$ cat model.tsv   # TSV, C-alpha atoms and all ligand atoms
chain	number	residue	atom	x	y	z
A	1	MET	CA	241.32	-63.76	204.62
A	2	THR	CA	241.47	-60.25	205.92
A	3	THR	CA	241.47	-57.44	203.43
A	4	THR	CA	240.60	-54.58	205.74
A	5	GLU	CA	243.00	-53.18	208.28
A	6	THR	CA	242.55	-50.94	211.27
A	7	ASP	CA	244.82	-48.01	212.01
A	8	ALA	CA	246.02	-46.72	215.41
A	9	ASP	CA	242.77	-45.03	216.42
A	10	GLY	CA	240.70	-47.97	215.33
A	11	THR	CA	239.29	-46.54	212.11
A	12	GLU	CA	239.16	-48.84	209.17
A	13	VAL	CA	241.78	-48.35	206.52
A	14	ARG	CA	240.62	-49.32	203.08
A	15	ALA	CA	243.05	-51.85	201.83
A	16	ARG	CA	243.90	-50.95	198.25
A	17	THR	CA	243.28	-54.48	197.26
A	18	LEU	CA	239.77	-55.16	198.60
A	19	PHE	CA	237.99	-54.51	195.30
A	20	LEU	CA	240.64	-56.32	193.21
A	21	ASP	CA	240.82	-59.32	195.57
A	22	THR	CA	237.05	-59.68	195.51
A	23	ALA	CA	236.93	-59.30	191.71
A	24	ARG	CA	239.45	-62.14	191.54
A	25	GLY	CA	237.12	-64.36	193.55
A	26	LEU	CA	238.26	-63.95	197.16
A	27	ALA	CA	235.41	-63.14	199.55
A	28	GLY	CA	236.82	-60.75	202.17
A	29	ASP	CA	235.41	-59.53	205.49
A	30	ARG	CA	233.12	-57.12	203.72
A	31	ALA	CA	231.91	-56.38	200.23
A	32	PRO	CA	233.84	-53.59	198.48
A	33	VAL	CA	231.60	-50.82	197.19
A	34	TRP	CA	231.59	-48.49	194.19
A	35	LEU	CA	228.63	-47.14	192.26
A	36	MET	CA	228.05	-46.92	188.54
A	37	ARG	CA	227.80	-43.21	187.61
A	38	GLN	CA	229.29	-42.29	190.98
A	39	ALA	CA	230.54	-39.17	189.16
A	40	GLY	CA	227.89	-37.06	187.50
A	41	ARG	CA	224.96	-34.75	187.67
A	42	TYR	CA	223.68	-35.70	191.16
A	43	LEU	CA	226.84	-34.01	192.58
A	44	PRO	CA	226.74	-30.18	192.80
A	45	GLU	CA	230.52	-30.00	192.22
A	46	TYR	CA	230.02	-31.88	188.91
A	47	ARG	CA	227.20	-29.53	187.88
A	48	ALA	CA	229.43	-26.55	188.66
A	49	LEU	CA	232.11	-27.82	186.26
A	50	LYS	CA	229.48	-28.74	183.70
A	51	GLU	CA	228.27	-25.14	183.62
A	52	ARG	CA	231.65	-24.09	182.28
A	53	HIS	CA	232.52	-27.04	180.03
A	54	ALA	CA	230.62	-29.11	177.49
A	55	PHE	CA	230.45	-32.87	178.12
A	56	TRP	CA	232.92	-33.87	175.39
A	57	GLU	CA	235.28	-31.13	176.51
A	58	MET	CA	235.20	-32.60	180.02
A	59	CYS	CA	235.95	-36.08	178.69
A	60	ARG	CA	238.71	-34.87	176.37
A	61	THR	CA	240.56	-32.69	178.89
A	62	PRO	CA	242.54	-35.10	181.10
A	63	GLU	CA	242.73	-32.68	184.06
A	64	ILE	CA	238.93	-32.23	184.06
A	65	ALA	CA	238.18	-35.92	183.51
A	66	ALA	CA	240.53	-36.78	186.39
A	67	GLU	CA	238.97	-34.15	188.64
A	68	VAL	CA	235.44	-35.44	187.94
A	69	THR	CA	236.61	-39.01	188.58
A	70	LEU	CA	238.00	-37.95	191.96
A	71	GLN	CA	234.97	-35.87	193.08
A	72	PRO	CA	232.94	-38.76	194.51
A	73	LEU	CA	236.05	-40.21	196.20
A	74	ARG	CA	236.48	-37.00	198.20
A	75	ARG	CA	232.95	-37.31	199.55
A	76	PHE	CA	232.54	-41.05	200.07
A	77	PRO	CA	234.93	-43.85	201.13
A	78	LEU	CA	234.45	-45.79	197.89
A	79	ASP	CA	236.65	-48.81	197.16
A	80	ALA	CA	237.20	-48.10	193.46
A	81	ALA	CA	237.14	-45.23	190.98
A	82	ILE	CA	235.77	-45.48	187.45
A	83	ILE	CA	237.43	-43.21	184.95
A	84	PHE	CA	235.20	-40.40	183.71
A	85	SER	CA	234.45	-40.89	180.02
A	86	ASP	CA	231.61	-42.40	177.99
A	87	ILE	CA	230.90	-45.57	176.05
A	88	MET	CA	230.56	-43.34	172.94
A	89	THR	CA	234.23	-42.25	173.09
A	90	PRO	CA	235.51	-44.59	170.31
A	91	LEU	CA	232.81	-43.58	167.78
A	92	PRO	CA	234.09	-40.12	166.67
A	93	PRO	CA	237.61	-41.43	165.92
A	94	MET	CA	235.97	-44.20	163.85
A	95	GLY	CA	234.22	-41.49	161.82
A	96	VAL	CA	230.84	-41.27	163.62
A	97	PRO	CA	230.30	-37.86	165.26
A	98	VAL	CA	228.31	-37.96	168.52
A	99	ASP	CA	226.55	-35.11	170.34
A	100	PHE	CA	225.08	-35.20	173.83
A	101	ALA	CA	221.60	-33.77	174.46
A	102	PRO	CA	221.96	-34.96	177.29
A	103	GLY	CA	222.01	-38.58	176.00
A	104	PRO	CA	224.06	-39.50	172.91
A	105	VAL	CA	222.73	-38.34	169.52
A	106	ILE	CA	224.19	-39.54	166.21
A	107	ARG	CA	222.98	-37.20	163.48
A	108	SER	CA	223.98	-39.54	160.63
A	109	PRO	CA	223.25	-43.04	161.90
A	110	LEU	CA	224.91	-45.95	160.08
A	111	ARG	CA	222.48	-47.63	157.68
A	112	SER	CA	224.22	-49.14	154.65
A	113	ALA	CA	227.07	-51.57	154.10
A	114	ALA	CA	228.96	-48.62	152.57
A	115	ASP	CA	228.51	-46.61	155.79
A	116	VAL	CA	230.15	-49.46	157.69
A	117	ALA	CA	232.91	-50.03	155.11
A	118	ARG	CA	233.92	-46.38	155.47
A	119	LEU	CA	234.56	-46.63	159.23
A	120	ALA	CA	238.12	-46.24	160.45
A	121	THR	CA	239.64	-48.72	162.94
A	122	PRO	CA	242.04	-46.65	165.01
A	123	GLY	CA	244.58	-48.56	167.10
A	124	GLY	CA	244.58	-48.51	170.89
A	125	ASP	CA	246.86	-45.49	171.17
A	126	GLU	CA	244.86	-43.49	168.62
A	127	VAL	CA	241.29	-43.90	169.93
A	128	ALA	CA	241.44	-41.58	172.91
A	129	PRO	CA	244.91	-40.76	174.27
A	130	PHE	CA	243.21	-38.30	176.67
A	131	VAL	CA	241.60	-41.25	178.50
A	132	GLY	CA	245.02	-42.81	179.09
A	133	GLU	CA	246.31	-39.47	180.36
A	134	ALA	CA	243.31	-39.07	182.70
A	135	ILE	CA	243.91	-42.58	184.08
A	136	ARG	CA	247.55	-41.68	184.82
A	137	LEU	CA	246.46	-38.53	186.65
A	138	VAL	CA	243.89	-40.42	188.74
A	139	ARG	CA	246.37	-43.20	189.54
A	140	ALA	CA	248.75	-40.60	190.92
A	141	GLU	CA	246.11	-39.32	193.36
A	142	ALA	CA	243.60	-42.05	194.17
A	143	GLU	CA	244.19	-44.54	196.96
A	144	VAL	CA	241.86	-47.05	195.35
A	145	PRO	CA	242.08	-48.93	192.04
A	146	VAL	CA	240.94	-47.26	188.82
A	147	ILE	CA	238.45	-49.10	186.63
A	148	GLY	CA	238.75	-48.57	182.87
A	149	PHE	CA	235.73	-49.22	180.68
A	150	ALA	CA	234.23	-49.40	177.23
A	151	GLY	CA	230.88	-50.19	175.67
A	152	ALA	CA	230.39	-53.71	174.31
A	153	PRO	CA	230.20	-53.93	170.50
A	154	LEU	CA	226.46	-54.79	170.41
A	155	THR	CA	225.49	-51.86	172.67
A	156	VAL	CA	227.66	-49.29	170.87
A	157	ALA	CA	226.40	-50.57	167.49
A	158	GLY	CA	222.85	-50.07	168.80
A	159	TYR	CA	223.49	-46.34	169.32
A	160	ALA	CA	225.40	-45.96	166.01
A	161	VAL	CA	222.57	-47.53	163.98
A	162	GLN	CA	219.52	-46.37	165.98
A	163	GLY	CA	220.95	-42.86	166.20
A	164	ALA	CA	220.12	-42.33	169.89
A	165	GLY	CA	219.13	-44.20	173.01
A	166	SER	CA	215.87	-46.13	172.75
A	167	SER	CA	213.78	-48.29	175.08
A	168	ASP	CA	213.61	-51.16	172.57
A	169	TYR	CA	216.09	-50.43	169.74
A	170	ALA	CA	213.46	-51.61	167.22
A	171	GLU	CA	215.20	-49.84	164.31
A	172	PHE	CA	218.50	-51.51	165.20
A	173	ARG	CA	216.92	-54.95	165.67
A	174	ALA	CA	215.22	-54.65	162.27
A	175	TRP	CA	218.58	-53.65	160.75
A	176	LEU	CA	220.25	-56.77	162.17
A	177	HIS	CA	217.70	-58.84	160.22
A	178	ARG	CA	217.89	-56.72	157.08
A	179	GLU	CA	221.66	-56.25	156.89
A	180	PRO	CA	223.30	-59.12	158.78
A	181	ARG	CA	226.53	-58.93	156.77
A	182	ALA	CA	226.96	-55.21	157.40
A	183	ALA	CA	226.10	-55.85	161.05
A	184	HIS	CA	228.86	-58.43	161.39
A	185	ASP	CA	231.31	-56.05	159.69
A	186	LEU	CA	230.36	-53.27	162.11
A	187	LEU	CA	230.62	-55.52	165.18
A	188	ASP	CA	233.92	-56.87	163.93
A	189	LYS	CA	235.38	-53.36	163.66
A	190	LEU	CA	233.98	-52.36	167.05
A	191	ALA	CA	235.46	-55.48	168.67
A	192	ASP	CA	238.93	-54.68	167.30
A	193	VAL	CA	238.81	-51.01	168.26
A	194	THR	CA	237.38	-51.77	171.73
A	195	THR	CA	240.04	-54.39	172.50
A	196	GLY	CA	242.87	-52.01	171.61
A	197	TYR	CA	241.23	-49.16	173.50
A	198	LEU	CA	240.86	-51.23	176.68
A	199	ARG	CA	244.43	-52.53	176.42
A	200	MET	CA	245.62	-48.94	176.23
A	201	GLN	CA	243.63	-48.13	179.40
A	202	ILE	CA	245.25	-51.07	181.19
A	203	GLU	CA	248.70	-49.94	180.08
A	204	ALA	CA	247.91	-46.46	181.40
A	205	GLY	CA	247.11	-47.92	184.84
A	206	ALA	CA	243.54	-49.25	184.88
A	207	GLU	CA	243.58	-52.23	187.28
A	208	ALA	CA	240.19	-53.63	186.27
A	209	VAL	CA	237.96	-53.10	183.25
A	210	GLN	CA	234.21	-53.10	182.80
A	211	LEU	CA	232.50	-53.86	179.49
A	212	PHE	CA	229.09	-52.16	179.41
A	213	ASP	CA	226.59	-54.19	177.36
A	214	SER	CA	223.80	-52.01	178.72
A	215	TRP	CA	221.28	-52.88	176.00
A	216	ALA	CA	222.06	-56.58	175.50
A	217	GLY	CA	218.74	-57.37	177.19
A	218	VAL	CA	216.58	-56.01	174.33
A	219	HIS	CA	217.78	-58.89	172.12
A	220	ASP	CA	216.39	-62.41	172.19
A	221	ARG	CA	218.65	-65.38	172.86
A	222	ARG	CA	219.26	-66.03	169.18
A	223	GLY	CA	220.04	-62.39	168.41
A	224	TYR	CA	222.46	-62.19	171.34
A	225	ALA	CA	224.08	-65.53	170.37
A	226	THR	CA	224.62	-64.21	166.82
A	227	PHE	CA	225.48	-60.53	167.31
A	228	GLY	CA	226.28	-60.02	171.00
A	229	MET	CA	228.07	-62.80	172.82
A	230	PRO	CA	230.71	-63.64	170.15
A	231	TYR	CA	231.94	-60.03	169.99
A	232	ALA	CA	231.86	-59.48	173.76
A	233	ARG	CA	233.84	-62.72	174.02
A	234	ARG	CA	236.41	-61.50	171.52
A	235	VAL	CA	237.00	-58.29	173.46
A	236	LEU	CA	237.24	-60.10	176.81
A	237	ASP	CA	239.50	-62.84	175.39
A	238	GLY	CA	241.70	-60.10	173.96
A	239	LEU	CA	242.43	-58.91	177.51
A	240	ALA	CA	243.07	-62.34	179.07
A	241	ASP	CA	246.86	-62.05	179.01
A	242	THR	CA	246.79	-58.79	181.00
A	243	GLY	CA	245.58	-60.59	184.14
A	244	VAL	CA	243.29	-57.66	184.94
A	245	PRO	CA	239.83	-58.61	186.30
A	246	ARG	CA	237.11	-58.21	183.68
A	247	VAL	CA	233.59	-57.09	184.60
A	248	TYR	CA	230.72	-57.64	182.16
A	249	LEU	CA	227.46	-55.71	182.62
A	250	ALA	CA	224.11	-56.39	181.01
A	251	VAL	CA	220.74	-55.00	182.13
A	252	GLY	CA	217.40	-56.82	181.86
A	253	ALA	CA	219.30	-59.81	180.59
A	254	ALA	CA	218.32	-62.77	182.81
A	255	HIS	CA	217.18	-64.65	179.69
A	256	LEU	CA	220.80	-64.42	178.48
A	257	TYR	CA	222.48	-65.73	181.67
A	258	PRO	CA	223.14	-69.20	180.19
A	259	GLN	CA	225.32	-67.47	177.56
A	260	ILE	CA	226.73	-64.81	179.89
A	261	ALA	CA	227.80	-67.55	182.32
A	262	ARG	CA	230.26	-68.78	179.67
A	263	LEU	CA	231.82	-65.39	178.89
A	264	PRO	CA	235.48	-64.96	179.91
A	265	ALA	CA	234.71	-62.34	182.58
A	266	GLU	CA	235.53	-62.84	186.27
A	267	VAL	CA	232.69	-60.54	187.40
A	268	VAL	CA	229.14	-60.08	186.13
A	269	SER	CA	227.31	-56.87	187.06
A	270	VAL	CA	223.59	-57.61	187.40
A	271	ASP	CA	220.46	-55.49	187.69
A	272	TRP	CA	217.94	-55.43	190.56
A	273	ARG	CA	215.25	-57.61	188.99
A	274	GLN	CA	216.30	-60.83	190.76
A	275	PRO	CA	217.90	-61.31	194.19
A	276	LEU	CA	221.63	-62.09	194.13
A	277	ASP	CA	221.20	-65.56	195.63
A	278	ALA	CA	218.98	-66.53	192.68
A	279	VAL	CA	221.39	-64.92	190.18
A	280	ARG	CA	224.32	-66.80	191.73
A	281	ALA	CA	222.72	-70.12	190.81
A	282	ALA	CA	222.37	-68.94	187.20
A	283	LEU	CA	225.97	-67.65	186.96
A	284	PRO	CA	228.04	-70.33	188.71
A	285	GLY	CA	231.64	-69.40	189.42
A	286	LYS	CA	231.14	-65.69	188.71
A	287	VAL	CA	231.82	-62.92	191.18
A	288	LEU	CA	228.59	-60.90	191.34
A	289	GLN	CA	228.47	-57.12	191.25
A	290	GLY	CA	225.28	-55.27	192.12
A	291	ASN	CA	222.41	-54.97	192.55
A	292	LEU	CA	220.53	-52.36	194.59
A	293	ASP	CA	217.75	-50.69	192.62
A	294	PRO	CA	219.06	-47.14	191.96
A	295	ALA	CA	215.54	-45.83	192.57
A	296	VAL	CA	215.87	-46.85	196.24
A	297	LEU	CA	218.42	-44.03	196.68
A	298	LEU	CA	215.49	-41.65	196.17
A	299	ALA	CA	213.53	-43.23	199.05
A	300	GLU	CA	213.58	-42.48	202.80
A	301	PRO	CA	216.90	-43.37	204.52
A	302	GLY	CA	215.28	-46.16	206.57
A	303	ASP	CA	213.89	-47.86	203.49
A	304	LEU	CA	217.16	-47.36	201.61
A	305	LEU	CA	219.20	-49.00	204.37
A	306	ALA	CA	216.77	-51.91	204.73
A	307	ALA	CA	216.97	-52.58	200.99
A	308	ALA	CA	220.79	-52.32	201.01
A	309	ARG	CA	221.04	-54.77	203.93
A	310	ARG	CA	218.87	-57.19	201.98
A	311	VAL	CA	221.25	-56.97	198.99
A	312	LEU	CA	224.25	-57.56	201.28
A	313	ARG	CA	222.63	-60.62	202.84
A	314	GLU	CA	221.61	-62.03	199.47
A	315	GLY	CA	225.18	-61.53	198.22
A	316	GLN	CA	226.82	-63.53	200.98
A	317	GLY	CA	226.82	-66.84	199.13
A	318	GLY	CA	230.06	-65.95	197.35
A	319	PRO	CA	232.31	-63.06	196.34
A	320	HIS	CA	230.26	-59.87	196.04
A	321	VAL	CA	231.11	-56.34	194.88
A	322	PHE	CA	228.38	-54.04	196.18
A	323	ASN	CA	227.01	-51.71	193.51
A	324	LEU	CA	223.71	-50.55	192.09
A	325	GLY	CA	221.81	-52.56	189.50
A	326	HIS	CA	222.42	-49.63	187.11
A	327	GLY	CA	223.74	-46.06	187.32
A	328	VAL	CA	223.05	-43.46	190.03
A	329	LEU	CA	219.91	-41.49	189.05
A	330	GLN	CA	220.17	-37.76	188.52
A	331	GLY	CA	217.97	-36.67	191.46
A	332	THR	CA	219.82	-38.80	194.04
A	333	PRO	CA	220.61	-36.93	197.30
A	334	PRO	CA	224.38	-37.18	197.95
A	335	ASP	CA	223.55	-37.73	201.65
A	336	ASN	CA	221.82	-40.97	200.75
A	337	VAL	CA	224.92	-42.13	198.88
A	338	ALA	CA	226.97	-41.36	202.01
A	339	ARG	CA	224.54	-43.40	204.16
A	340	LEU	CA	224.66	-46.27	201.71
A	341	VAL	CA	228.47	-46.44	201.47
A	342	ASP	CA	228.78	-46.28	205.28
A	343	LEU	CA	226.29	-49.10	205.68
A	344	VAL	CA	228.22	-51.36	203.31
A	345	HIS	CA	231.43	-50.63	205.24
A	346	ASP	CA	229.83	-51.51	208.56
A	347	PHE	CA	228.07	-54.65	207.40
A	348	VAL	CA	229.84	-57.75	208.60
A	349	ARG	CA	229.32	-61.03	206.83
A	350	GLU	CA	227.11	-63.34	208.82
A	351	GLU	CA	229.12	-66.54	209.16
A	352	GLY	CA	227.24	-69.62	208.16
A	353	GLU	CA	224.33	-67.79	206.60
A	354	GLY	CA	224.79	-67.66	202.92
B	401	LIG	O1	230.86	-42.38	187.10
B	401	LIG	C1	230.80	-43.07	186.05
B	401	LIG	O2	230.05	-44.05	185.93
B	401	LIG	C2	231.82	-42.75	184.96
B	401	LIG	C3	231.35	-42.11	183.80
B	401	LIG	C4	230.38	-42.69	182.80
B	401	LIG	C5	229.57	-41.86	181.99
B	401	LIG	N1	228.96	-42.63	181.06
B	401	LIG	C6	229.48	-40.39	182.13
B	401	LIG	C7	228.29	-39.69	181.60
B	401	LIG	C8	230.18	-44.01	182.37
B	401	LIG	C9	230.75	-45.30	182.93
B	401	LIG	C10	229.28	-43.95	181.27
B	401	LIG	C11	228.87	-45.13	180.51
B	401	LIG	C12	227.70	-45.04	179.63
B	401	LIG	N2	227.34	-44.01	178.80
B	401	LIG	C13	226.78	-46.08	179.43
B	401	LIG	C14	226.86	-47.43	180.08
B	401	LIG	C15	226.29	-47.41	181.44
B	401	LIG	C16	224.79	-47.47	181.45
B	401	LIG	O3	224.20	-46.48	181.95
B	401	LIG	O4	224.26	-48.47	181.02
B	401	LIG	C17	225.82	-45.64	178.50
B	401	LIG	C18	224.62	-46.43	178.01
B	401	LIG	C19	226.20	-44.34	178.10
B	401	LIG	C20	225.54	-43.46	177.11
B	401	LIG	C21	225.11	-42.20	177.73
B	401	LIG	N3	225.94	-41.13	177.99
B	401	LIG	C22	223.79	-41.84	178.15
B	401	LIG	C23	222.59	-42.74	178.07
B	401	LIG	C24	223.85	-40.54	178.66
B	401	LIG	C25	222.65	-39.73	179.08
B	401	LIG	C26	222.49	-39.16	180.32
B	401	LIG	C27	222.74	-39.96	181.58
B	401	LIG	O5	223.37	-39.41	182.50
B	401	LIG	O6	222.25	-41.09	181.68
B	401	LIG	C28	225.21	-40.13	178.58
B	401	LIG	C29	225.80	-38.85	179.03
B	401	LIG	C30	226.67	-38.97	180.24
B	401	LIG	N4	227.68	-39.88	180.40
B	401	LIG	C31	226.62	-38.14	181.39
B	401	LIG	C32	227.62	-38.59	182.24
B	401	LIG	C33	228.01	-38.01	183.58
B	401	LIG	C34	225.69	-36.97	181.59
B	401	LIG	C35	226.15	-35.80	180.82
B	401	LIG	C36	225.71	-34.50	181.45
B	401	LIG	O7	226.36	-34.10	182.42
B	401	LIG	O8	224.76	-33.91	180.96
$ encode --input "model.tsv" --output "structure tokens"
Amino acid sequence: MTTTETDADGTEVRARTLFLDTARGLAGDRAPVWLMRQAGRYLPEYRALKERHAFWEMCRTPEIAAEVTLQPLRRFPLDAAIIFSDIMTPLPPMGVPVDFAPGPVIRSPLRSAADVARLATPGGDEVAPFVGEAIRLVRAEAEVPVIGFAGAPLTVAGYAVQGAGSSDYAEFRAWLHREPRAAHDLLDKLADVTTGYLRMQIEAGAEAVQLFDSWAGVHDRRGYATFGMPYARRVLDGLADTGVPRVYLAVGAAHLYPQIARLPAEVVSVDWRQPLDAVRAALPGKVLQGNLDPAVLLAEPGDLLAAARRVLREGQGGPHVFNLGHGVLQGTPPDNVARLVDLVHDFVREEGEG
């Protein structure tokens, strides 16, 4: 199958469908490439906007969110755009105010069953109409598909209960043991709200969706089986009829792959801790997305390109969407991102070596 075309002067034209075809399980001539956090603070043009607008203001103003989404596409020939927003977006409309400093801070974290009972469950059109509007604006301009996204219930609940990001979410994990009924009520509400919110994004023009379960990996298998997987499954199942490819991301979660392998997601986005050929055996039938260590983008160009080639070779055993194992780091030189994206474009699958 050929998904790339060449125009009159021989330059490669990005077929609109390369990312979507690959996400649906077709391995094309090359891996499509996009990067988590491809918009953001490592780009001077983002920092310039950020000087004039607060983070929530940027997210809630469709013209600004669309502009920030498009910034990396103007610099790099990426094969997909991810809409500029945050996984915290549904919390304020549910009744949980969130500040950014620069990570999310919840001044009144949820603690009691009554706190959870009080939460609103806004419908898909009520959560964040500005995200739908931003998607429409990007669709009108971008040549590549737009990815919608949301946080998975377990990860968003972790922030809402812990009150901020954490390396181990100990407070949240203790709460799951102390208040399992309230936890299930919270996850239940988050699953409903998240499903509606993602369906709205698809209606607005998102052609793929990614569910970020960034902190799933801090839970053991039993905790994930009880509080994580069933709610991620509900959200993903709730999108099945749309036909849009579903990407599920978890970080540091190799111990959960037996459960993740059974989730109704076409694509699994994996971190850099294991090579893709090893991950492929653990996630049979899944398209893999990943998994260059984002730290490598801070290294010398020669080392960066060698590491990226290794990822491309290790990904050849099946459909592969090139990405990082997690988001672009703040100090990343944009020139290194340009080198990386060019390398992925020029890399040709080695027939017979997989
Ligand atoms: O380009 C993109 O990836 C699209 C935009 C995007 C943002 N957040 C913008 C943002 C996406 C997809 C997210 C998702 C997100 N937000 C996740 C899941 C991905 C992951 O990293 O695992 C998580 C855990 C969050 C929560 C969050 N929001 C954190 C931890 C932070 C702290 C700072 C940081 O950059 O890591 C934020 C703030 C945030 N979200 C910024 C951006 C560009 C930085 C805000 C600033 O400019 O100061």
$ closest_residue --input "model.tsv" --among "A:Lys286, A:Arg47, A:Arg313, A:Arg273" --to "His326 in chain A" --atoms "only C-alpha atoms"
A:Arg273
$ closest_residue --input "model.tsv" --among "A:Pro180, A:Gly158, A:Pro44, A:Pro129" --to "Arg75 in chain A" --atoms "only C-alpha atoms"
A:Pro44
$ closest_residue --input "model.tsv" --among "A:Pro301, A:Gly223, A:Gly327, A:Gly252" --to "ligand LIG 401 (chain B)" --atoms "only C-alpha atoms and all ligand atoms"
A:Gly327
$ residues_near_ligand --input "model.tsv" --ligand "ligand LIG 401 (chain B)" --cutoff "9 Å" --atoms "all atoms listed in the file" --output "PyMOL selection string"
chain A and resi 35-41+46-47+50+54-56+59+68-69+72+81-88+100-104+148-151+155-156+159+164-165+210-215+249-251+326-330
$ closest_residue --input "model.tsv" --among "A:Ala152, A:Leu73, A:Leu43, A:Ile202" --to "Asn336 in chain A" --atoms "all atoms listed in the file"
A:Leu43
$ atom_distance --input "model.tsv" --atom1 "CA of Pro62 in chain A" --atom2 "CA of Ala80 in chain A"
18.7 Å
$ closest_residue --input "model.tsv" --among "A:Gln274, A:Thr242, A:Asn291, A:Gln162" --to "Gln201 in chain A" --atoms "all atoms listed in the file"
A:Thr242
$ decode --input "model.tsv" --residues "range 149-163 of chain A" --atoms "C-alpha atoms" --output "mmCIF file, in the first residue's frame"
data_model
loop_
_atom_site.group_PDB
_atom_site.id
_atom_site.type_symbol
_atom_site.label_atom_id
_atom_site.label_comp_id
_atom_site.auth_asym_id
_atom_site.auth_seq_id
_atom_site.Cartn_x
_atom_site.Cartn_y
_atom_site.Cartn_z
ATOM 1 C CA PHE A 149 -8.132 14.025 23.517
ATOM 2 C CA ALA A 150 -9.140 13.686 27.130
ATOM 3 C CA GLY A 151 -7.646 12.352 30.339
ATOM 4 C CA ALA A 152 -8.669 8.844 31.392
ATOM 5 C CA PRO A 153 -10.912 8.707 34.485
ATOM 6 C CA LEU A 154 -8.227 7.190 36.766
ATOM 7 C CA THR A 155 -5.614 9.823 35.843
ATOM 8 C CA VAL A 156 -7.985 12.797 36.152
ATOM 9 C CA ALA A 157 -9.307 11.423 39.476
ATOM 10 C CA GLY A 158 -5.683 11.235 40.657
ATOM 11 C CA TYR A 159 -5.260 14.995 40.186
ATOM 12 C CA ALA A 160 -8.703 15.819 41.651
ATOM 13 C CA VAL A 161 -8.030 13.828 44.838
ATOM 14 C CA GLN A 162 -4.266 14.350 45.237
ATOM 15 C CA GLY A 163 -4.668 18.061 44.496
#
